[in-house]
Amino acid sequence: MRLIVALLAIVITFTLTGVALAGDIKVKHAWARASIGTERPGVAYFMIYNDGAESDRLLGAKTPVAERAMVHESLMKNGVMKMRPAGDIEIAPGGKVMLEPGGLHLMLTFRQKKLVEGESFPLTLTFEQAGEVTVDVKIAGMAAKMAPNGHHEHHENHGQQEHHQEKHQEHHE
Ligand SMILES: [Cu+2]
């Protein structure tokens, strides 16, 4: 009986926090950019926090909106922004890893679905220790620089010039 109460408490905690967590891994502020069609790769960002005493590793990702979801890193090479697969991502104990514009990002290729601003989609991340963590990825505007529910909610104040799509200048190696 005590075990059941403990399990119930865990379920309730999961429901109330609004944050996806498995063990000591928390994934927050997951967001993606809207897309025109499905031809171009999509991109998603999120933050991973490791509150545990052991390091963990992000081994893979999957989502129904794309056949392939892979962590890439952006880097400057001869003045040109390039990107390459980042491999498994290690999250140190007590540490965090941020996937954000200009750095690490999740590349969504062979997309199955258009990404529409204001909608969201599920993303399941697989960690070596924590197992699978599923988050809801919120879709922001095409030129968004941060999560739609982040610190800047000034959409109305932005001029039309901000609404054209940012050119994807990164090239695959
Ligand atoms: Cu990429």
# chains A, B, ... in the order shown; residues from 1 in each chain; ligands from 1

$ select_by_dssp --residues "stretch 4-114 of chain A" --states "strand (DSSP E or B)" --output "CSV table (one decimal) with C-alpha atoms, in the first residue's frame"
chain,number,residue,atom,x,y,z
A,20,ALA,CA,9.4,16.2,-18.8
A,21,LEU,CA,11.6,14.3,-16.5
A,22,ALA,CA,13.0,10.8,-16.1
A,25,ILE,CA,17.2,14.3,-16.3
A,26,LYS,CA,14.9,17.3,-17.1
A,27,VAL,CA,14.2,18.6,-20.5
A,28,LYS,CA,12.8,22.2,-20.7
A,29,HIS,CA,11.9,24.9,-23.2
A,30,ALA,CA,11.6,22.7,-26.2
A,31,TRP,CA,10.8,24.7,-29.3
A,32,ALA,CA,11.2,24.6,-33.1
A,33,ARG,CA,10.9,27.0,-35.9
A,42,GLY,CA,13.5,21.6,-39.6
A,43,VAL,CA,15.3,22.6,-36.4
A,44,ALA,CA,14.4,22.2,-32.8
A,45,TYR,CA,16.0,23.4,-29.6
A,46,PHE,CA,15.8,22.5,-25.9
A,47,MET,CA,17.7,22.5,-22.6
A,48,ILE,CA,18.7,19.4,-20.7
A,49,TYR,CA,19.4,19.5,-17.0
A,50,ASN,CA,21.0,16.7,-15.1
A,56,ASP,CA,24.2,10.8,-18.5
A,57,ARG,CA,24.2,10.8,-22.3
A,58,LEU,CA,21.7,11.7,-24.9
A,59,LEU,CA,21.8,8.9,-27.4
A,60,GLY,CA,19.1,9.7,-29.8
A,61,ALA,CA,15.8,11.4,-30.6
A,62,LYS,CA,12.6,10.6,-32.5
A,63,THR,CA,9.5,12.4,-33.4
A,66,ALA,CA,10.4,13.7,-39.2
A,67,GLU,CA,11.9,10.4,-40.2
A,68,ARG,CA,15.2,11.5,-38.7
A,69,ALA,CA,16.1,13.7,-35.7
A,70,MET,CA,19.8,14.2,-35.1
A,71,VAL,CA,21.8,16.5,-32.8
A,72,HIS,CA,24.2,18.7,-34.9
A,73,GLU,CA,26.7,21.3,-33.8
A,74,SER,CA,27.3,24.6,-35.7
A,75,LEU,CA,30.8,25.8,-36.1
A,76,MET,CA,32.6,28.6,-38.0
A,77,LYS,CA,35.0,27.4,-40.5
A,80,VAL,CA,31.3,30.1,-43.1
A,81,MET,CA,28.8,28.6,-40.6
A,82,LYS,CA,28.9,24.8,-41.0
A,83,MET,CA,27.4,22.0,-39.1
A,84,ARG,CA,28.1,18.4,-38.4
A,85,PRO,CA,26.6,15.5,-36.3
A,89,ILE,CA,25.7,14.5,-25.9
A,90,GLU,CA,27.1,14.1,-22.4
A,91,ILE,CA,25.4,15.9,-19.6
A,96,LYS,CA,23.1,21.4,-18.3
A,97,VAL,CA,23.4,21.3,-22.1
A,98,MET,CA,21.6,23.9,-24.2
A,104,LEU,CA,23.9,22.6,-30.8
A,105,HIS,CA,20.5,21.9,-32.4
A,106,LEU,CA,18.3,19.0,-33.3
A,107,MET,CA,18.0,18.7,-37.1
A,108,LEU,CA,14.8,17.2,-38.3
A,109,THR,CA,15.2,15.7,-41.8
A,110,PHE,CA,12.9,13.9,-44.1
A,111,ARG,CA,10.0,15.7,-42.5

$ residues_around --residues "A:Ser120" --least-positions-apart "3" --cutoff "9 Å" --atoms "only C-alpha atoms" --output "PyMOL selection string"
chain A and resi 31-32+115-117+136-139

$ write_last_selection --atoms "C-alpha atoms" --output "PDB file, in the first residue's frame"
ATOM      1  CA  TRP A  31      10.798  24.677 -29.304  1.00  0.00           C
ATOM      2  CA  ALA A  32      11.153  24.582 -33.053  1.00  0.00           C
ATOM      3  CA  LEU A 115       5.646  22.870 -38.739  1.00  0.00           C
ATOM      4  CA  VAL A 116       2.959  25.461 -38.070  1.00  0.00           C
ATOM      5  CA  GLU A 117       3.530  28.358 -35.674  1.00  0.00           C
ATOM      6  CA  ASP A 136       6.113  18.779 -26.176  1.00  0.00           C
ATOM      7  CA  VAL A 137       7.923  20.986 -28.697  1.00  0.00           C
ATOM      8  CA  LYS A 138       6.276  24.365 -29.223  1.00  0.00           C
ATOM      9  CA  ILE A 139       6.507  25.797 -32.722  1.00  0.00           C
TER      10      ILE A 139
END

$ closest_residue --among "A:Glu132, A:Arg40, A:Glu119, A:Met146" --to "ligand 1" --atoms "only C-alpha atoms and all ligand atoms"
A:Arg40

$ closest_residue --among "A:Val133, A:Asp24, A:Leu123, A:Gly103" --to "ligand 1" --atoms "only C-alpha atoms and all ligand atoms"
A:Gly103

$ closest_residue --among "A:Asp51, A:Asp88, A:Glu100, A:Glu128" --to "ligand 1" --atoms "only C-alpha atoms and all ligand atoms"
A:Glu100

$ closest_residue --among "A:Ala86, A:Ala140, A:Val135, A:Ala92" --to "ligand 1" --atoms "only C-alpha atoms and all ligand atoms"
A:Ala86

$ closest_residue --among "A:Ala34, A:Leu99, A:Ala53, A:Leu125" --to "ligand 1" --atoms "only C-alpha atoms and all ligand atoms"
A:Leu99

$ closest_residue --among "A:Gln129, A:Pro64, A:Pro148, A:Pro41" --to "ligand 1" --atoms "only C-alpha atoms and all ligand atoms"
A:Pro41

$ atom_distance --atom1 "atom CA of A:Gln112" --atom2 "atom CA of A:Lys145"
23.6 Å
